[in-house]
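entry_18.cif follows (mmCIF, C-alpha atoms):
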data_query
#
loop_
_atom_site.label_atom_id
_atom_site.label_comp_id
_atom_site.auth_asym_id
_atom_site.auth_seq_id
_atom_site.Cartn_x
_atom_site.Cartn_y
_atom_site.Cartn_z
CA MET A 1 -9.27 24.28 12.54
CA PRO A 2 -10.71 25.39 9.19
CA PRO A 3 -8.90 23.89 6.22
CA LEU A 4 -5.89 25.82 5.06
CA ILE A 5 -6.27 27.19 1.54
CA SER A 6 -3.42 25.96 -0.67
CA ARG A 7 -2.17 28.95 -2.63
CA GLY A 8 -2.70 28.41 -6.34
CA PHE A 9 -4.28 24.97 -6.01
CA LYS A 10 -7.15 24.50 -8.44
CA GLY A 11 -7.72 20.78 -8.32
CA ARG A 12 -9.30 18.71 -11.01
CA ARG A 13 -12.97 18.10 -10.49
CA ARG A 14 -14.56 15.37 -12.47
CA ASP A 15 -17.96 15.72 -14.09
CA ASP A 16 -18.47 11.98 -14.07
CA ALA A 17 -17.99 11.63 -10.32
CA PRO A 18 -21.29 12.29 -8.54
CA PRO A 19 -20.47 13.74 -5.12
CA ASP A 20 -22.96 11.46 -3.38
CA ARG A 21 -20.96 8.45 -4.58
CA VAL A 22 -17.48 9.67 -3.68
CA PRO A 23 -16.67 9.61 0.06
CA PRO A 24 -14.67 12.44 1.64
CA GLY A 25 -10.99 12.54 0.71
CA GLN A 26 -11.42 10.08 -2.18
CA TYR A 27 -10.87 10.61 -5.91
CA VAL A 28 -12.31 8.60 -8.76
CA THR A 29 -10.03 6.50 -10.93
CA ASN A 30 -10.73 4.43 -13.99
CA ASP A 31 -7.74 2.18 -13.33
CA PHE A 32 -7.72 -0.64 -10.84
CA PRO A 33 -4.62 -0.09 -8.69
CA VAL A 34 -3.09 -3.01 -6.79
CA LEU A 35 -2.15 -2.86 -3.12
CA SER A 36 -0.80 -5.84 -1.22
CA ALA A 37 1.66 -6.17 1.60
CA GLY A 38 3.56 -9.12 0.13
CA PRO A 39 4.00 -11.36 -2.90
CA THR A 40 0.94 -12.52 -4.80
CA PRO A 41 0.12 -16.12 -3.83
CA HIS A 42 -0.83 -18.64 -6.50
CA THR A 43 -3.01 -21.44 -5.22
CA ALA A 44 -4.01 -24.11 -7.72
CA LEU A 45 -7.75 -24.56 -7.96
CA ASP A 46 -7.53 -28.25 -7.02
CA GLN A 47 -5.78 -27.17 -3.82
CA TRP A 48 -8.26 -24.40 -3.09
CA ASP A 49 -11.05 -24.64 -0.59
CA PHE A 50 -13.20 -22.28 1.38
CA THR A 51 -13.97 -22.94 5.02
CA ILE A 52 -16.17 -21.47 7.66
CA LEU A 53 -14.95 -22.31 11.12
CA GLY A 54 -14.70 -20.99 14.65
CA GLU A 55 -17.89 -20.39 16.55
CA VAL A 56 -19.97 -22.83 14.48
CA ASP A 57 -21.57 -26.22 15.06
CA GLU A 58 -19.10 -27.86 12.73
CA LEU A 59 -16.52 -26.84 10.16
CA HIS A 60 -18.02 -26.13 6.72
CA ARG A 61 -15.85 -26.62 3.70
CA TRP A 62 -16.30 -26.21 -0.05
CA THR A 63 -13.89 -27.28 -2.77
CA TRP A 64 -13.52 -25.04 -5.81
CA ASP A 65 -15.99 -27.14 -7.77
CA GLU A 66 -18.49 -27.22 -4.92
CA PHE A 67 -18.10 -23.50 -4.52
CA GLN A 68 -18.72 -22.91 -8.22
CA ALA A 69 -21.89 -24.98 -7.98
CA LEU A 70 -23.40 -22.61 -5.41
CA PRO A 71 -25.85 -20.00 -6.64
CA SER A 72 -23.93 -16.85 -7.55
CA GLU A 73 -24.94 -13.24 -7.97
CA THR A 74 -23.71 -10.48 -10.22
CA VAL A 75 -23.40 -7.15 -8.48
CA THR A 76 -22.34 -3.68 -9.61
CA VAL A 77 -20.86 -1.64 -6.78
CA ASP A 78 -18.56 1.29 -6.02
CA ILE A 79 -15.33 0.46 -4.21
CA HIS A 80 -13.20 2.73 -2.04
CA CYS A 81 -9.54 2.15 -1.16
CA VAL A 82 -8.05 3.80 1.93
CA THR A 83 -5.17 5.00 -0.28
CA LYS A 84 -7.70 7.49 -1.67
CA TRP A 85 -8.94 6.02 -4.94
CA SER A 86 -12.53 5.07 -5.58
CA LYS A 87 -13.76 3.13 -8.54
CA LEU A 88 -17.39 3.38 -9.57
CA ASP A 89 -19.64 0.74 -11.09
CA THR A 90 -17.34 -2.25 -10.73
CA GLU A 91 -19.00 -5.49 -11.76
CA TRP A 92 -18.40 -8.71 -9.87
CA GLU A 93 -19.78 -12.21 -9.78
CA GLY A 94 -19.62 -14.20 -6.60
CA VAL A 95 -21.37 -16.13 -3.90
CA SER A 96 -23.21 -14.14 -1.26
CA VAL A 97 -21.98 -14.72 2.28
CA ASP A 98 -25.66 -15.20 3.16
CA THR A 99 -25.65 -18.28 0.93
CA LEU A 100 -22.63 -19.72 2.77
CA LEU A 101 -24.02 -18.98 6.20
CA ASP A 102 -27.47 -20.34 5.38
CA GLY A 103 -28.37 -22.94 7.98
CA ILE A 104 -25.27 -22.33 10.09
CA GLU A 105 -25.98 -21.52 13.70
CA THR A 106 -23.58 -19.29 15.54
CA SER A 107 -23.37 -17.10 18.59
CA ALA A 108 -20.56 -15.12 16.97
CA GLU A 109 -20.80 -11.38 16.52
CA HIS A 110 -17.51 -10.97 14.66
CA VAL A 111 -15.89 -12.50 11.63
CA ILE A 112 -12.24 -12.74 10.64
CA GLN A 113 -11.48 -13.25 6.95
CA PHE A 114 -8.30 -15.25 6.36
CA SER A 115 -6.30 -15.58 3.18
CA ASP A 116 -3.45 -17.31 1.44
CA GLY A 117 -0.32 -15.43 2.42
CA GLY A 118 -1.49 -14.95 5.99
CA TYR A 119 -3.59 -11.81 5.55
CA THR A 120 -6.50 -11.33 7.93
CA THR A 121 -9.13 -8.66 8.39
CA ASN A 122 -11.91 -8.41 10.94
CA LEU A 123 -15.39 -6.99 10.90
CA PRO A 124 -18.73 -7.32 12.64
CA LEU A 125 -20.68 -10.34 11.42
CA GLU A 126 -23.63 -8.09 10.60
CA ASP A 127 -21.45 -6.33 8.01
CA VAL A 128 -21.19 -9.47 5.89
CA THR A 129 -24.83 -10.60 6.14
CA GLY A 130 -28.03 -9.23 4.66
CA GLY A 131 -26.76 -8.88 1.09
CA LYS A 132 -23.69 -6.82 1.99
CA ALA A 133 -20.80 -9.17 1.17
CA TRP A 134 -19.75 -11.72 -1.42
CA ILE A 135 -16.88 -14.06 -2.22
CA ALA A 136 -16.16 -12.90 -5.75
CA PHE A 137 -14.40 -14.93 -8.42
CA ASP A 138 -15.24 -12.92 -11.56
CA TYR A 139 -14.49 -9.30 -12.27
CA GLY A 140 -15.86 -7.54 -15.32
CA GLY A 141 -16.97 -10.88 -16.74
CA GLU A 142 -13.51 -12.45 -16.49
CA PRO A 143 -11.97 -14.75 -13.89
CA LEU A 144 -10.47 -12.59 -11.16
CA ASP A 145 -6.81 -11.85 -11.81
CA PRO A 146 -4.36 -13.06 -9.10
CA GLU A 147 -3.07 -9.50 -8.63
CA HIS A 148 -6.56 -8.46 -7.65
CA GLY A 149 -7.13 -11.40 -5.35
CA GLY A 150 -7.97 -14.31 -7.60
CA PRO A 151 -9.04 -17.02 -7.63
CA ALA A 152 -11.47 -15.52 -5.12
CA ARG A 153 -11.63 -12.50 -2.87
CA MET A 154 -14.07 -11.00 -0.43
CA LEU A 155 -16.20 -8.11 -1.60
CA VAL A 156 -17.52 -5.86 1.16
CA PRO A 157 -18.04 -2.67 -0.80
CA HIS A 158 -19.51 -0.51 1.94
CA LEU A 159 -16.20 -0.52 3.84
CA TYR A 160 -12.69 0.51 2.74
CA PHE A 161 -11.36 -2.12 0.40
CA TRP A 162 -8.75 -3.57 2.78
CA LYS A 163 -11.82 -5.08 4.48
CA SER A 164 -12.29 -7.15 1.30
CA ALA A 165 -9.54 -9.73 1.65
CA LYS A 166 -7.78 -10.91 -1.49
CA TRP A 167 -7.04 -14.62 -1.91
CA VAL A 168 -9.61 -15.33 0.77
CA ARG A 169 -9.81 -18.92 1.97
CA GLY A 170 -12.36 -18.71 4.70
CA LEU A 171 -14.20 -16.98 7.47
CA ARG A 172 -13.62 -17.55 11.14
CA LEU A 173 -16.61 -16.66 13.27
CA SER A 174 -15.80 -15.36 16.71
CA THR A 175 -17.54 -14.04 19.80
CA ALA A 176 -14.65 -11.62 20.31
CA ASP A 177 -13.34 -8.94 17.98
CA GLU A 178 -9.80 -9.66 16.77
CA PRO A 179 -8.07 -6.86 14.86
CA GLY A 180 -6.50 -8.17 11.64
CA PHE A 181 -3.39 -7.30 9.65
CA TRP A 182 -3.90 -3.63 8.83
CA GLU A 183 -6.05 -3.09 11.89
CA THR A 184 -3.00 -3.83 14.06
CA ASN A 185 -0.78 -1.70 11.80
CA GLY A 186 -2.37 1.68 12.26
CA TYR A 187 -5.59 1.34 10.28
CA HIS A 188 -9.10 1.81 11.63
CA ASN A 189 -10.85 -1.16 13.17
CA TYR A 190 -14.09 -0.63 11.23
CA GLY A 191 -13.22 1.42 8.14
CA ASP A 192 -16.37 3.25 7.03
CA PRO A 193 -15.35 5.43 4.07
CA TRP A 194 -18.30 7.80 4.54
CA ARG A 195 -17.06 8.60 8.04
CA GLU A 196 -13.48 8.64 6.73
CA GLN A 197 -12.34 6.02 9.23
CA ARG A 198 -8.89 5.49 7.77
CA TYR A 199 -6.61 5.26 10.77
CA TRP A 200 -6.61 4.57 14.48
CA GLY A 201 -8.58 7.25 16.23
CA ASP A 202 -10.45 8.50 13.13
CA MET B 1 -8.06 -0.55 20.81
CA ALA B 2 -5.06 0.02 23.06
CA GLY B 3 -2.94 1.43 20.25
CA ALA B 4 -5.46 4.13 19.53
CA ALA B 5 -5.31 5.33 23.10
CA VAL B 6 -1.54 5.50 22.98
CA LEU B 7 -1.18 7.10 19.59
CA GLY B 8 -4.26 9.26 19.48
CA ARG B 9 -5.88 10.57 16.38
CA LEU B 10 -3.72 11.52 13.45
CA ILE B 11 -4.51 15.21 13.28
CA TRP B 12 -4.00 17.46 10.29
CA ARG B 13 -0.91 19.57 10.81
CA VAL B 14 0.26 22.67 9.00
CA ALA B 15 3.56 22.02 7.25
CA GLU B 16 5.65 24.89 5.93
CA VAL B 17 7.88 24.46 2.92
CA VAL B 18 11.53 24.95 3.82
CA ASP B 19 12.95 24.23 0.38
CA VAL B 20 12.29 22.43 -2.89
CA VAL B 21 15.15 20.49 -4.45
CA ALA B 22 15.14 18.91 -7.91
CA GLU B 23 16.27 15.28 -7.80
CA THR B 24 15.70 14.51 -11.49
CA ALA B 25 13.73 16.15 -14.29
CA ARG B 26 10.48 14.70 -12.95
CA VAL B 27 11.19 14.29 -9.27
CA LYS B 28 11.56 16.86 -6.51
CA THR B 29 12.09 16.71 -2.79
CA VAL B 30 10.00 19.14 -0.78
CA GLY B 31 11.34 19.77 2.70
CA PHE B 32 8.81 20.74 5.37
CA ASP B 33 8.96 22.16 8.82
CA VAL B 34 6.19 20.46 10.78
CA PRO B 35 5.81 21.84 14.30
CA ASP B 36 5.30 19.10 16.91
CA TRP B 37 5.88 16.29 14.40
CA PRO B 38 5.45 13.14 16.52
CA GLY B 39 8.27 11.28 14.76
CA HIS B 40 8.10 8.38 12.33
CA LEU B 41 9.66 5.09 11.33
CA PRO B 42 11.57 4.66 8.07
CA GLY B 43 9.11 3.42 5.45
CA GLN B 44 6.02 5.21 6.75
CA HIS B 45 4.02 7.71 4.74
CA VAL B 46 1.88 10.79 5.25
CA ASP B 47 -1.40 11.97 3.81
CA VAL B 48 -1.27 15.36 2.13
CA ARG B 49 -4.42 17.48 1.84
CA LEU B 50 -4.77 20.41 -0.53
CA THR B 51 -7.70 22.81 -0.46
CA ALA B 52 -8.72 25.11 -3.33
CA ASP B 53 -10.15 28.52 -2.48
CA ASP B 54 -13.68 27.28 -3.18
CA GLY B 55 -13.26 24.54 -0.57
CA TYR B 56 -12.57 21.67 -3.00
CA GLN B 57 -10.08 19.25 -1.47
CA ALA B 58 -7.76 16.54 -2.70
CA GLN B 59 -5.78 14.04 -0.63
CA ARG B 60 -2.90 11.77 -1.57
CA SER B 61 -0.37 9.62 0.27
CA TYR B 62 3.39 10.13 -0.04
CA SER B 63 6.24 8.16 1.45
CA ILE B 64 8.52 9.98 3.84
CA ALA B 65 12.05 10.27 2.45
CA SER B 66 13.82 11.65 5.48
CA ALA B 67 15.16 9.62 8.34
CA PRO B 68 13.48 10.13 11.71
CA ASP B 69 16.74 11.59 12.97
CA ARG B 70 16.20 14.86 11.14
CA ALA B 71 14.14 17.78 12.39
CA ARG B 72 12.56 18.34 9.00
CA LEU B 73 10.25 16.14 7.01
CA ASP B 74 11.15 15.46 3.38
CA LEU B 75 8.70 14.17 0.78
CA THR B 76 10.11 13.13 -2.57
CA VAL B 77 7.44 13.38 -5.24
CA GLU B 78 7.40 12.28 -8.86
CA ARG B 79 5.38 14.54 -11.12
CA LEU B 80 2.67 12.62 -12.94
CA ASP B 81 1.65 14.68 -15.93
CA ASP B 82 -2.01 13.78 -15.61
CA GLY B 83 -1.91 13.91 -11.83
CA GLU B 84 -3.90 16.26 -9.66
CA VAL B 85 -1.67 16.72 -6.64
CA SER B 86 1.88 15.85 -7.73
CA PRO B 87 2.15 18.69 -10.31
CA TYR B 88 1.17 21.12 -7.57
CA LEU B 89 3.69 19.75 -5.09
CA THR B 90 6.54 19.67 -7.60
CA GLU B 91 5.85 22.78 -9.71
CA GLU B 92 3.80 25.19 -7.65
CA LEU B 93 5.00 24.93 -4.06
CA GLN B 94 7.58 27.47 -2.97
CA GLN B 95 9.51 28.16 0.18
CA GLY B 96 7.18 29.57 2.82
CA ASP B 97 4.02 27.96 1.41
CA GLN B 98 1.93 25.92 3.79
CA ILE B 99 0.01 22.72 3.20
CA GLU B 100 -1.74 20.26 5.49
CA LEU B 101 -0.53 16.77 6.23
CA ARG B 102 -1.13 14.04 8.76
CA GLY B 103 0.76 10.96 9.78
CA PRO B 104 2.86 9.01 10.12
CA VAL B 105 0.82 6.18 8.63
CA GLY B 106 1.59 2.49 8.21
CA GLY B 107 3.21 0.06 10.59
CA TYR B 108 4.23 -2.78 8.29
CA PHE B 109 6.47 -1.52 5.51
CA VAL B 110 8.99 -0.19 8.03
CA TRP B 111 12.51 -1.09 9.03
CA GLU B 112 14.56 -0.17 12.04
CA PRO B 113 18.08 -1.33 12.92
CA SER B 114 16.60 -3.40 15.76
CA ARG B 115 14.88 -5.61 13.14
CA GLY B 116 18.34 -6.66 12.09
CA GLY B 117 19.37 -7.97 8.70
CA PRO B 118 20.64 -8.69 6.27
CA LEU B 119 18.56 -6.22 4.38
CA LEU B 120 17.61 -6.48 0.71
CA LEU B 121 15.95 -3.42 -0.74
CA VAL B 122 14.59 -3.53 -4.27
CA ALA B 123 13.41 -0.23 -5.73
CA GLY B 124 11.83 0.74 -9.03
CA GLY B 125 11.93 4.47 -9.85
CA SER B 126 10.36 6.60 -7.15
CA GLY B 127 9.82 3.40 -5.17
CA ILE B 128 13.22 4.28 -3.74
CA VAL B 129 11.69 6.88 -1.43
CA PRO B 130 10.63 4.79 1.60
CA LEU B 131 13.74 2.62 1.17
CA MET B 132 15.92 5.73 1.21
CA ALA B 133 14.46 6.64 4.59
CA MET B 134 15.62 3.22 5.80
CA LEU B 135 19.13 3.67 4.37
CA ARG B 136 19.42 7.18 5.76
CA HIS B 137 18.34 5.95 9.16
CA ARG B 138 20.77 3.05 8.95
CA ALA B 139 23.60 5.49 8.23
CA ALA B 140 22.51 8.04 10.83
CA THR B 141 22.41 5.45 13.58
CA GLY B 142 25.74 3.91 12.58
CA SER B 143 24.06 0.56 12.05
CA ASP B 144 26.29 -2.15 10.61
CA VAL B 145 23.41 -4.30 9.37
CA PRO B 146 24.51 -5.63 5.96
CA ALA B 147 22.35 -4.11 3.27
CA ILE B 148 21.96 -4.34 -0.47
CA LEU B 149 20.01 -1.91 -2.59
CA LEU B 150 19.04 -3.01 -6.08
CA PHE B 151 17.71 0.09 -7.79
CA SER B 152 16.06 0.08 -11.21
CA SER B 153 15.86 3.37 -13.10
CA ARG B 154 15.20 4.23 -16.72
CA GLY B 155 18.47 6.04 -17.32
CA TRP B 156 21.42 7.44 -15.38
CA GLU B 157 19.87 10.91 -15.28
CA ASP B 158 16.68 9.40 -13.83
CA VAL B 159 18.43 7.95 -10.78
CA ILE B 160 16.90 9.62 -7.74
CA TYR B 161 19.38 10.44 -4.92
CA ARG B 162 22.24 9.38 -7.20
CA ASP B 163 25.02 11.33 -5.49
CA GLU B 164 23.83 10.57 -1.98
CA LEU B 165 23.62 6.86 -2.78
CA GLU B 166 27.18 7.00 -4.00
CA HIS B 167 28.22 8.48 -0.64
CA LEU B 168 26.24 5.91 1.32
CA ASP B 169 27.70 2.99 -0.65
CA GLY B 170 30.15 1.05 1.51
CA ASN B 171 30.08 0.53 5.28
CA GLY B 172 28.15 -2.68 4.75
CA LEU B 173 25.83 -1.21 2.12
CA SER B 174 26.14 -2.23 -1.49
CA VAL B 175 24.26 -0.16 -4.07
CA VAL B 176 23.58 -1.87 -7.41
CA HIS B 177 21.95 0.00 -10.27
CA THR B 178 20.17 -1.31 -13.30
CA LEU B 179 19.28 1.07 -16.12
CA THR B 180 16.43 -0.28 -18.18
CA ARG B 181 16.08 2.13 -21.11
CA SER B 182 19.30 4.01 -21.72
CA GLN B 183 22.82 3.65 -20.41
CA PRO B 184 25.72 6.10 -20.44
CA ASP B 185 28.72 5.32 -22.62
CA GLY B 186 30.90 2.70 -21.03
CA TRP B 187 28.16 1.51 -18.64
CA ARG B 188 29.17 -1.84 -17.18
CA GLY B 189 26.24 -2.36 -14.87
CA TYR B 190 22.93 -4.08 -15.43
CA ALA B 191 20.88 -2.80 -18.34
CA ARG B 192 17.60 -4.68 -18.06
CA ARG B 193 14.58 -5.06 -15.85
CA VAL B 194 15.03 -6.74 -12.49
CA ASP B 195 14.73 -10.49 -12.93
CA LYS B 196 15.45 -13.73 -11.14
CA ASP B 197 19.05 -14.03 -12.37
CA MET B 198 19.84 -10.50 -11.31
CA LEU B 199 18.37 -11.03 -7.85
CA ALA B 200 20.32 -14.27 -7.49
CA GLU B 201 23.58 -12.52 -8.43
CA VAL B 202 23.02 -9.50 -6.23
CA GLY B 203 22.02 -11.62 -3.23
CA PRO B 204 21.76 -12.20 -0.32
CA SER B 205 20.52 -15.73 -0.83
CA ALA B 206 17.35 -17.08 0.72
CA SER B 207 19.45 -19.14 3.15
CA GLU B 208 20.55 -15.90 4.81
CA HIS B 209 16.91 -15.05 5.50
CA PRO B 210 17.16 -11.39 4.56
CA HIS B 211 14.45 -8.89 5.34
CA VAL B 212 13.24 -7.93 1.89
CA TYR B 213 11.49 -4.69 1.00
CA VAL B 214 10.25 -4.13 -2.55
CA CYS B 215 8.73 -0.84 -3.67
CA GLY B 216 7.81 0.44 -7.10
CA PRO B 217 5.10 0.37 -9.73
CA THR B 218 2.79 -2.62 -9.57
CA PRO B 219 4.28 -4.64 -12.48
CA PHE B 220 7.78 -4.08 -11.09
CA VAL B 221 6.79 -5.27 -7.64
CA GLU B 222 4.85 -8.24 -8.97
CA ALA B 223 7.82 -9.38 -11.05
CA ALA B 224 10.43 -8.82 -8.34
CA ALA B 225 8.38 -10.44 -5.57
CA GLU B 226 7.57 -13.41 -7.79
CA ALA B 227 11.25 -13.87 -8.67
CA LEU B 228 12.25 -13.67 -5.01
CA VAL B 229 9.71 -16.34 -4.06
CA SER B 230 11.00 -18.58 -6.85
CA LEU B 231 14.53 -18.13 -5.43
CA GLY B 232 13.31 -19.58 -2.17
CA HIS B 233 12.69 -16.45 -0.13
CA GLU B 234 9.90 -16.87 2.39
CA PRO B 235 6.86 -14.89 1.18
CA ALA B 236 6.37 -13.66 4.74
CA GLN B 237 9.86 -12.11 4.64
CA ILE B 238 9.05 -10.06 1.55
CA ARG B 239 7.31 -6.80 2.29
CA THR B 240 5.95 -4.92 -0.66
CA GLU B 241 4.55 -1.54 -1.44
CA ARG B 242 3.03 -0.98 -4.85
CA PHE B 243 1.88 2.16 -6.48
CA GLY B 244 -0.29 2.35 -9.53
CA PRO B 245 -0.29 4.84 -12.37
CA THR B 246 -3.25 6.57 -10.83
CA GLY B 247 -1.55 8.37 -7.98
CA GLY B 248 -1.53 11.98 -8.54
#
Would you encode the structure as C-alpha cells?
Amino acid sequence: MPPLISRGFKGRRRDDAPPDRVPPGQYVTNDFPVLSAGPTPHTALDQWDFTILGEVDELHRWTWDEFQALPSETVTVDIHCVTKWSKLDTEWEGVSVDTLLDGIETSAEHVIQFSDGGYTTNLPLEDVTGGKAWIAFDYGGEPLDPEHGGPARMLVPHLYFWKSAKWVRGLRLSTADEPGFWETNGYHNYGDPWREQRYWGD
Amino acid sequence: MAGAAVLGRLIWRVAEVVDVVAETARVKTVGFDVPDWPGHLPGQHVDVRLTADDGYQAQRSYSIASAPDRARLDLTVERLDDGEVSPYLTEELQQGDQIELRGPVGGYFVWEPSRGGPLLLVAGGSGIVPLMAMLRHRAATGSDVPAILLFSSRGWEDVIYRDELEHLDGNGLSVVHTLTRSQPDGWRGYARRVDKDMLAEVGPSASEHPHVYVCGPTPFVEAAAEALVSLGHEPAQIRTERFGPTGG
C-alpha cells in the first residue's frame, strides 16, 4: 500500500539532520527525553557492583572503584529511541564491553543485561563486542544523571535505545536467547532502527 | 517468538476522522473509524504516520483514550506549539480526513479489571489519556475495583475530560483534582504540585498494595514515583509512562 498523503500536512524538515544519520520514522531532537517503565532507582555507589555471570568460567565482579579504575573510552554517537526521537552526536564516557569480557571464555551467543529495578533486555553477544557497546557513567562530561540511567547504563547505539539498559548492574551470558522486558511486551527482539524493527513482526 | 506468530505484524491502517472535539483550549480528541481494528487494552498507544505530498513522513506515538468497548478509536492530543504532528492533528484534521496509524502498542502500562485493585492513578495534564481509557473501561465493564484518580492540572479550565470525570466519580471511583497554577474562586481542593503528603492523604496506603499507574511529563512522573516509593509502595507496583517536551 503506498503511503496515504495527509491533506495539508507540510511537516518540518530540519537542515541540521542529515538523512543518512536519521533512521526511517525518526525525528531529531535536541532534548534528552526520559522513558522508563517504573520509578528511578537510586543505588549508592558503595552498594553498586557490576557482574558478569551465566555461561562463564566464574563470576566476574567489579565494585564501583574497581570499575572506575578500568580503562575508559569517550565516544560520540547518535542514539535512536523507539518512541521516534533521535539525538545526534551524544558524548559518553564508559568502559567498553570488550574490556570487561577480555580473558573471559564463554560458549554463549546471547547476553541479557540486567538492572536495578528489575529491567532486562537481550541481544546477541556479537552486538556488544567489537567496539559496539559500553557501560557509560558520564554523559556530556558530567556524571550520568539517575533519570538517564546513572550511575551507569549500557550504551549500544546501533540498536534502539531500549537495548541500552539504564541502571545496569551486569551482563548474563547465555547459550539461549531470552527475550527481556520490552521484548516480551510487544517490542522487537532485535531492534535495528535502520530496518525499523520497532514491534513484534516488524 | 510465539507472540509474533499470534499477533502478526502491526500493519499501517487507514483511519478516517469521525469527529474532532475540543477538550480544553490546547487539547482535542480526534475520533477515528478504523476498519478491522484488532482491539486494544486500556493504556496502550498507537503510532500515527503523516505523509506530505512530496513523500516526507513524520511519525509520533499517542495514547488511546477510548475504552476497548467502543467501536471507534479516540486519540486525545495536546497541541505543542513547536510540535510537528500535534498542531496538524488538533488544528488541521477535519471530519472525513484520513491518516495512517498502527497498533495497539505496549503491553506493560495497561490495566484490565482482571488485574484487580485497588487502583491508584496519578495523572499530570495530558497524562490523563491512557488512564482515562482504564477508567472508561472500568465503568463500561461494571467493574467494582476501588479506584482513585489524582489528577494535576494547571487550572480548572485546563482539566481534560472534566465533565466526564464528574460523571464517573462515585461507584468506587474517587476523583481528586489539584490545580497548580490558578484556582477558581472558592476552590477548596488541592492547589499545589503532587507531593508525598498529598499522595498519603489521597491513598490508598502501601499496605493495600494498590496497582499504581503514573503518567505525565517527566518531572511530574519522577516526583510522583519518588514520593510513592518513599511512602512504602513497592517500586515494581508502580508503572510509569513519561513524556518529554519534545513530542510533537
Counting only C-alpha atoms, which residue out of A:Ile79, A:Arg21, A:Glu93, A:Asp138 sits closest to Trp162 (chain A)?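 Between A:Ile79, A:Arg21, A:Glu93, A:Asp138, the residue approaching Trp162 (chain A) most closely is A:Ile79.
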Quick one: which residues from chain B are at most 8 Å off chain A, using only C-alpha atoms, as a PDB file with C-alpha atoms, keeping the file's coordinate frame?
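What ended up in iface37.pdb:
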ATOM      1  CA  GLY B   3      -2.940   1.430  20.250  1.00  0.00           C
ATOM      2  CA  ALA B   4      -5.460   4.130  19.530  1.00  0.00           C
ATOM      3  CA  ALA B   5      -5.310   5.330  23.100  1.00  0.00           C
ATOM      4  CA  LEU B   7      -1.180   7.100  19.590  1.00  0.00           C
ATOM      5  CA  GLY B   8      -4.260   9.260  19.480  1.00  0.00           C
ATOM      6  CA  ARG B   9      -5.880  10.570  16.380  1.00  0.00           C
ATOM      7  CA  LEU B  10      -3.720  11.520  13.450  1.00  0.00           C
ATOM      8  CA  VAL B  14       0.260  22.670   9.000  1.00  0.00           C
ATOM      9  CA  LEU B  50      -4.770  20.410  -0.530  1.00  0.00           C
ATOM     10  CA  THR B  51      -7.700  22.810  -0.460  1.00  0.00           C
ATOM     11  CA  ALA B  52      -8.720  25.110  -3.330  1.00  0.00           C
ATOM     12  CA  ASP B  53     -10.150  28.520  -2.480  1.00  0.00           C
ATOM     13  CA  GLY B  55     -13.260  24.540  -0.570  1.00  0.00           C
ATOM     14  CA  TYR B  56     -12.570  21.670  -3.000  1.00  0.00           C
ATOM     15  CA  GLN B  57     -10.080  19.250  -1.470  1.00  0.00           C
ATOM     16  CA  ALA B  58      -7.760  16.540  -2.700  1.00  0.00           C
ATOM     17  CA  GLN B  59      -5.780  14.040  -0.630  1.00  0.00           C
ATOM     18  CA  ARG B  60      -2.900  11.770  -1.570  1.00  0.00           C
ATOM     19  CA  SER B  61      -0.370   9.620   0.270  1.00  0.00           C
ATOM     20  CA  GLU B  84      -3.900  16.260  -9.660  1.00  0.00           C
ATOM     21  CA  VAL B  85      -1.670  16.720  -6.640  1.00  0.00           C
ATOM     22  CA  TYR B  88       1.170  21.120  -7.570  1.00  0.00           C
ATOM     23  CA  GLU B  92       3.800  25.190  -7.650  1.00  0.00           C
ATOM     24  CA  ASP B  97       4.020  27.960   1.410  1.00  0.00           C
ATOM     25  CA  GLN B  98       1.930  25.920   3.790  1.00  0.00           C
ATOM     26  CA  ILE B  99       0.010  22.720   3.200  1.00  0.00           C
ATOM     27  CA  GLU B 100      -1.740  20.260   5.490  1.00  0.00           C
ATOM     28  CA  VAL B 105       0.820   6.180   8.630  1.00  0.00           C
ATOM     29  CA  GLY B 106       1.590   2.490   8.210  1.00  0.00           C
ATOM     30  CA  GLY B 107       3.210   0.060  10.590  1.00  0.00           C
ATOM     31  CA  TYR B 108       4.230  -2.780   8.290  1.00  0.00           C
ATOM     32  CA  PHE B 109       6.470  -1.520   5.510  1.00  0.00           C
ATOM     33  CA  THR B 218       2.790  -2.620  -9.570  1.00  0.00           C
ATOM     34  CA  GLU B 222       4.850  -8.240  -8.970  1.00  0.00           C
ATOM     35  CA  ALA B 225       8.380 -10.440  -5.570  1.00  0.00           C
ATOM     36  CA  GLU B 226       7.570 -13.410  -7.790  1.00  0.00           C
ATOM     37  CA  VAL B 229       9.710 -16.340  -4.060  1.00  0.00           C
ATOM     38  CA  PRO B 235       6.860 -14.890   1.180  1.00  0.00           C
ATOM     39  CA  ALA B 236       6.370 -13.660   4.740  1.00  0.00           C
ATOM     40  CA  ILE B 238       9.050 -10.060   1.550  1.00  0.00           C
ATOM     41  CA  ARG B 239       7.310  -6.800   2.290  1.00  0.00           C
ATOM     42  CA  THR B 240       5.950  -4.920  -0.660  1.00  0.00           C
ATOM     43  CA  GLU B 241       4.550  -1.540  -1.440  1.00  0.00           C
ATOM     44  CA  ARG B 242       3.030  -0.980  -4.850  1.00  0.00           C
ATOM     45  CA  PHE B 243       1.880   2.160  -6.480  1.00  0.00           C
ATOM     46  CA  GLY B 244      -0.290   2.350  -9.530  1.00  0.00           C
ATOM     47  CA  PRO B 245      -0.290   4.840 -12.370  1.00  0.00           C
ATOM     48  CA  THR B 246      -3.250   6.570 -10.830  1.00  0.00           C
TER      49      THR B 246
END
Counting only C-alpha atoms, which of A:Val75, A:Ile52, A:Val95, A:Leu173 gets nearest to Met154 (chain A)?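 Under the stated criterion, the closest residue is A:Val95.
Here the question is which of B:Arg26, B:His177, B:His167, B:Arg192 gets nearest to Pro87 (chain B) using all atoms listed in the file, and that residue is B:Arg26.
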I need the residue set behind the PyMOL selection byres ((chain B and resi 212) around 12) for this file; please write it as a ChimeraX atom specification. /A:37-39 /B:109-111,115-123,131,147-150,199,203-206,208-211,213-215,221,224-225,228-229,233-241
Nearest to Asp127 (chain A), chosen from A:Pro19, A:Gly191, A:Pro71, A:Pro151, with only C-alpha atoms counted in the distances: A:Gly191
Record the distance separating CA of Ala25 (chain B) and CA of Phe220 (chain B), expressed in Å with one decimal. 21.3 Å
Quick one: pull the distance between CA of Lys163 (chain A) and CA of Asp16 (chain A), Å, one decimal.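 That distance, rounded to one decimal, is 26.1 Å.
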Interatomic distance, CA of Arg61 (chain A) to CA of Thr175 (chain A) (Å, one decimal):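 CA of Arg61 (chain A) sits 20.5 Å away from CA of Thr175 (chain A).
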